[in-house]
Amino acid sequence: IYTLSLHDALPISSLGDGHAQTFRLLQDSVGSITPNTLNTRLRDLRAAGFITHGSDGYSLTPSGQDLFKRLSDLQAFAVRWVASQSKKK
């Protein structure tokens, strides 16, 4: 069983636009993450079946696209929830 962490969401969200990215582009997209850590995350996400690596770079699998949608839904919920909390003050 694969346990998804918040850090795993960074490469997933960077690939969510549907365009493949090279390791270097992903590294630039996710920001403050070491190459070793990004490599570990990508390896784990590939093993879990969320991303794949082809001649154009890394991209989301159908499962990864589904996960991206669900993470996006969670983000939208979080924004609404934070806004509702600030109105209570």
# chains A, B, ... in the order shown; residues from 1 in each chain; ligands from 1
>>> residues_around(residues="range 63-70 of chain A", least_positions_apart="5", cutoff="12 Å", atoms="only C-alpha atoms", output="ChimeraX atom specification")
/A:4,8-19,45-52,58,75-77
>>> residues_around(residues="Gly54 in chain A", least_positions_apart="6", cutoff="12 Å", atoms="only C-alpha atoms", output="NGL selection string")
:A and (19-23 or 46 or 60-61)
>>> write_last_selection(atoms="all heavy atoms", output="compact mmCIF listing (two decimals), in the first residue's frame")
# COMPACT_ATOMS: atom_id res chain seq x y z
N HIS A 19 1.20 18.34 -19.73
CA HIS A 19 2.44 18.37 -20.52
C HIS A 19 3.55 17.63 -19.78
O HIS A 19 3.74 17.83 -18.59
CB HIS A 19 2.87 19.82 -20.77
CG HIS A 19 1.90 20.58 -21.60
ND1 HIS A 19 0.94 21.39 -21.05
CD2 HIS A 19 1.72 20.63 -22.94
CE1 HIS A 19 0.22 21.92 -22.02
NE2 HIS A 19 0.67 21.47 -23.18
N ALA A 20 4.27 16.81 -20.52
CA ALA A 20 5.40 16.10 -19.94
C ALA A 20 6.49 17.10 -19.57
O ALA A 20 6.64 18.14 -20.20
CB ALA A 20 5.95 15.07 -20.93
N GLN A 21 7.22 16.79 -18.52
CA GLN A 21 8.31 17.65 -18.08
C GLN A 21 9.56 16.82 -17.81
O GLN A 21 9.47 15.72 -17.28
CB GLN A 21 7.94 18.40 -16.79
CG GLN A 21 6.86 19.43 -16.96
CD GLN A 21 6.72 20.30 -15.73
OE1 GLN A 21 7.65 20.50 -14.98
NE2 GLN A 21 5.52 20.80 -15.53
N THR A 22 10.69 17.40 -18.18
CA THR A 22 11.96 16.76 -17.87
C THR A 22 12.22 16.90 -16.37
O THR A 22 11.57 17.68 -15.67
CB THR A 22 13.12 17.43 -18.63
OG1 THR A 22 13.22 18.79 -18.19
CG2 THR A 22 12.90 17.36 -20.14
N PHE A 23 13.21 16.17 -15.88
CA PHE A 23 13.58 16.25 -14.47
C PHE A 23 13.92 17.69 -14.11
O PHE A 23 13.49 18.20 -13.07
CB PHE A 23 14.77 15.33 -14.18
CG PHE A 23 15.15 15.28 -12.74
CD1 PHE A 23 14.54 14.40 -11.88
CD2 PHE A 23 16.13 16.14 -12.24
CE1 PHE A 23 14.88 14.37 -10.53
CE2 PHE A 23 16.48 16.12 -10.90
CZ PHE A 23 15.85 15.22 -10.05
N ARG A 46 6.23 6.69 -9.55
CA ARG A 46 6.23 5.76 -10.68
C ARG A 46 5.86 4.36 -10.22
O ARG A 46 5.05 3.68 -10.86
CB ARG A 46 7.60 5.73 -11.36
CG ARG A 46 7.88 6.94 -12.23
CD ARG A 46 9.25 6.91 -12.83
NE ARG A 46 9.33 5.90 -13.88
CZ ARG A 46 10.45 5.58 -14.52
NH1 ARG A 46 11.59 6.17 -14.22
NH2 ARG A 46 10.43 4.69 -15.47
N LEU A 60 1.68 12.34 -16.11
CA LEU A 60 0.73 11.62 -15.27
C LEU A 60 0.11 10.45 -16.03
O LEU A 60 -0.18 10.56 -17.21
CB LEU A 60 -0.39 12.56 -14.81
CG LEU A 60 0.00 13.72 -13.91
CD1 LEU A 60 -1.22 14.58 -13.61
CD2 LEU A 60 0.63 13.22 -12.62
N THR A 61 -0.09 9.37 -15.33
CA THR A 61 -0.85 8.24 -15.86
C THR A 61 -2.34 8.58 -15.66
O THR A 61 -2.67 9.58 -15.02
CB THR A 61 -0.52 6.96 -15.08
OG1 THR A 61 -0.92 7.14 -13.72
CG2 THR A 61 0.96 6.61 -15.16
>>> select_by_dssp(residues="range 19-69 of chain A", states="strand (DSSP E or B)", output="PDB file with all heavy atoms, in the first residue's frame")
ATOM      1  N   GLN A  21       7.221  16.789 -18.515  1.00  0.00           N
ATOM      2  CA  GLN A  21       8.313  17.650 -18.076  1.00  0.00           C
ATOM      3  C   GLN A  21       9.562  16.823 -17.815  1.00  0.00           C
ATOM      4  O   GLN A  21       9.473  15.724 -17.277  1.00  0.00           O
ATOM      5  CB  GLN A  21       7.944  18.403 -16.793  1.00  0.00           C
ATOM      6  CG  GLN A  21       6.864  19.426 -16.964  1.00  0.00           C
ATOM      7  CD  GLN A  21       6.717  20.295 -15.731  1.00  0.00           C
ATOM      8  OE1 GLN A  21       7.649  20.501 -14.979  1.00  0.00           O
ATOM      9  NE2 GLN A  21       5.516  20.805 -15.527  1.00  0.00           N
ATOM     10  N   ILE A  51       2.724   8.290 -12.081  1.00  0.00           N
ATOM     11  CA  ILE A  51       3.433   8.970 -13.160  1.00  0.00           C
ATOM     12  C   ILE A  51       4.182   7.944 -13.998  1.00  0.00           C
ATOM     13  O   ILE A  51       4.415   6.808 -13.570  1.00  0.00           O
ATOM     14  CB  ILE A  51       4.414  10.056 -12.650  1.00  0.00           C
ATOM     15  CG1 ILE A  51       5.539   9.440 -11.831  1.00  0.00           C
ATOM     16  CG2 ILE A  51       3.693  11.136 -11.871  1.00  0.00           C
ATOM     17  CD1 ILE A  51       6.645  10.417 -11.493  1.00  0.00           C
ATOM     18  N   THR A  52       4.541   8.372 -15.176  1.00  0.00           N
ATOM     19  CA  THR A  52       5.331   7.536 -16.072  1.00  0.00           C
ATOM     20  C   THR A  52       6.444   8.399 -16.648  1.00  0.00           C
ATOM     21  O   THR A  52       6.382   9.628 -16.580  1.00  0.00           O
ATOM     22  CB  THR A  52       4.438   6.938 -17.185  1.00  0.00           C
ATOM     23  OG1 THR A  52       5.186   5.991 -17.926  1.00  0.00           O
ATOM     24  CG2 THR A  52       3.891   8.007 -18.098  1.00  0.00           C
ATOM     25  N   HIS A  53       7.446   7.747 -17.194  1.00  0.00           N
ATOM     26  CA  HIS A  53       8.559   8.477 -17.792  1.00  0.00           C
ATOM     27  C   HIS A  53       8.737   7.992 -19.218  1.00  0.00           C
ATOM     28  O   HIS A  53       8.916   6.802 -19.466  1.00  0.00           O
ATOM     29  CB  HIS A  53       9.838   8.258 -16.991  1.00  0.00           C
ATOM     30  CG  HIS A  53      10.989   9.073 -17.483  1.00  0.00           C
ATOM     31  ND1 HIS A  53      11.985   8.551 -18.255  1.00  0.00           N
ATOM     32  CD2 HIS A  53      11.271  10.381 -17.324  1.00  0.00           C
ATOM     33  CE1 HIS A  53      12.850   9.506 -18.548  1.00  0.00           C
ATOM     34  NE2 HIS A  53      12.440  10.628 -17.992  1.00  0.00           N
ATOM     35  N   GLY A  54       8.660   8.927 -20.143  1.00  0.00           N
ATOM     36  CA  GLY A  54       8.833   8.597 -21.556  1.00  0.00           C
ATOM     37  C   GLY A  54       9.893   9.471 -22.184  1.00  0.00           C
ATOM     38  O   GLY A  54      10.620  10.195 -21.484  1.00  0.00           O
ATOM     39  N   GLY A  57       9.721  13.084 -21.162  1.00  0.00           N
ATOM     40  CA  GLY A  57       9.883  13.384 -19.741  1.00  0.00           C
ATOM     41  C   GLY A  57       8.830  12.672 -18.912  1.00  0.00           C
ATOM     42  O   GLY A  57       8.270  11.658 -19.322  1.00  0.00           O
ATOM     43  N   TYR A  58       8.551  13.230 -17.765  1.00  0.00           N
ATOM     44  CA  TYR A  58       7.576  12.656 -16.831  1.00  0.00           C
ATOM     45  C   TYR A  58       6.188  13.182 -17.148  1.00  0.00           C
ATOM     46  O   TYR A  58       6.014  14.353 -17.491  1.00  0.00           O
ATOM     47  CB  TYR A  58       7.935  13.022 -15.392  1.00  0.00           C
ATOM     48  CG  TYR A  58       9.210  12.392 -14.926  1.00  0.00           C
ATOM     49  CD1 TYR A  58      10.420  13.049 -15.047  1.00  0.00           C
ATOM     50  CD2 TYR A  58       9.199  11.121 -14.369  1.00  0.00           C
ATOM     51  CE1 TYR A  58      11.600  12.461 -14.627  1.00  0.00           C
ATOM     52  CE2 TYR A  58      10.381  10.524 -13.942  1.00  0.00           C
ATOM     53  CZ  TYR A  58      11.575  11.198 -14.073  1.00  0.00           C
ATOM     54  OH  TYR A  58      12.738  10.615 -13.668  1.00  0.00           O
ATOM     55  N   SER A  59       5.191  12.316 -17.000  1.00  0.00           N
ATOM     56  CA  SER A  59       3.800  12.724 -17.195  1.00  0.00           C
ATOM     57  C   SER A  59       2.910  11.875 -16.295  1.00  0.00           C
ATOM     58  O   SER A  59       3.329  10.839 -15.776  1.00  0.00           O
ATOM     59  CB  SER A  59       3.382  12.587 -18.658  1.00  0.00           C
ATOM     60  OG  SER A  59       3.536  11.260 -19.091  1.00  0.00           O
ATOM     61  N   LEU A  60       1.680  12.343 -16.113  1.00  0.00           N
ATOM     62  CA  LEU A  60       0.732  11.622 -15.272  1.00  0.00           C
ATOM     63  C   LEU A  60       0.114  10.448 -16.028  1.00  0.00           C
ATOM     64  O   LEU A  60      -0.183  10.564 -17.213  1.00  0.00           O
ATOM     65  CB  LEU A  60      -0.391  12.561 -14.813  1.00  0.00           C
ATOM     66  CG  LEU A  60       0.001  13.716 -13.907  1.00  0.00           C
ATOM     67  CD1 LEU A  60      -1.223  14.576 -13.606  1.00  0.00           C
ATOM     68  CD2 LEU A  60       0.632  13.221 -12.619  1.00  0.00           C
TER      69      LEU A  60
END
>>> select_by_dssp(residues="chain A", states="helix (DSSP H, G or I)", output="NGL selection string")
:A and (6-14 or 23-30 or 35-47 or 62-88)
>>> write_last_selection(atoms="C-alpha atoms", output="CSV table (one decimal), in the first residue's frame")
chain,number,residue,atom,x,y,z
A,6,LEU,CA,1.9,16.2,0.9
A,7,HIS,CA,5.4,16.2,-0.6
A,8,ASP,CA,4.2,13.8,-3.3
A,9,ALA,CA,1.6,16.3,-4.4
A,10,LEU,CA,4.2,18.7,-5.6
A,11,PRO,CA,5.3,16.7,-8.7
A,12,ILE,CA,1.7,15.6,-9.3
A,13,SER,CA,0.5,19.2,-9.3
A,14,SER,CA,3.4,20.3,-11.5
A,23,PHE,CA,13.6,16.3,-14.5
A,24,ARG,CA,15.1,19.7,-14.7
A,25,LEU,CA,11.8,21.4,-15.5
A,26,LEU,CA,10.1,19.5,-12.6
A,27,GLN,CA,12.9,20.6,-10.3
A,28,ASP,CA,12.2,24.2,-11.3
A,29,SER,CA,8.5,23.7,-10.9
A,30,VAL,CA,8.5,22.3,-7.4
A,35,PRO,CA,17.5,16.6,-6.7
A,36,ASN,CA,17.9,13.5,-4.5
A,37,THR,CA,14.5,14.1,-2.8
A,38,LEU,CA,12.8,14.8,-6.1
A,39,ASN,CA,14.3,11.6,-7.6
A,40,THR,CA,13.0,9.6,-4.6
A,41,ARG,CA,9.5,11.1,-5.0
A,42,LEU,CA,9.4,10.4,-8.7
A,43,ARG,CA,10.6,6.8,-8.2
A,44,ASP,CA,7.9,6.3,-5.6
A,45,LEU,CA,5.2,7.9,-7.7
A,46,ARG,CA,6.2,5.8,-10.7
A,47,ALA,CA,6.2,2.6,-8.6
A,62,PRO,CA,-4.7,8.0,-15.9
A,63,SER,CA,-4.5,7.2,-12.1
A,64,GLY,CA,-2.2,10.3,-11.7
A,65,GLN,CA,-4.7,12.5,-13.6
A,66,ASP,CA,-7.5,11.2,-11.3
A,67,LEU,CA,-5.4,12.0,-8.3
A,68,PHE,CA,-4.6,15.4,-9.6
A,69,LYS,CA,-8.3,16.2,-10.0
A,70,ARG,CA,-9.0,15.0,-6.4
A,71,LEU,CA,-6.1,17.1,-5.1
A,72,SER,CA,-7.4,20.1,-7.0
A,73,ASP,CA,-10.9,19.5,-5.5
A,74,LEU,CA,-9.2,19.4,-2.0
A,75,GLN,CA,-7.4,22.7,-2.7
A,76,ALA,CA,-10.7,24.3,-3.7
A,77,PHE,CA,-12.3,23.1,-0.5
A,78,ALA,CA,-9.5,24.4,1.6
A,79,VAL,CA,-9.8,27.9,0.0
A,80,ARG,CA,-13.5,27.9,0.7
A,81,TRP,CA,-13.0,26.7,4.2
A,82,VAL,CA,-10.3,29.3,5.0
A,83,ALA,CA,-12.6,32.0,3.7
A,84,SER,CA,-15.5,30.8,5.8
A,85,GLN,CA,-13.2,30.8,8.9
A,86,SER,CA,-12.1,34.4,8.4
A,87,LYS,CA,-15.7,35.5,8.1
A,88,LYS,CA,-16.3,34.1,11.6
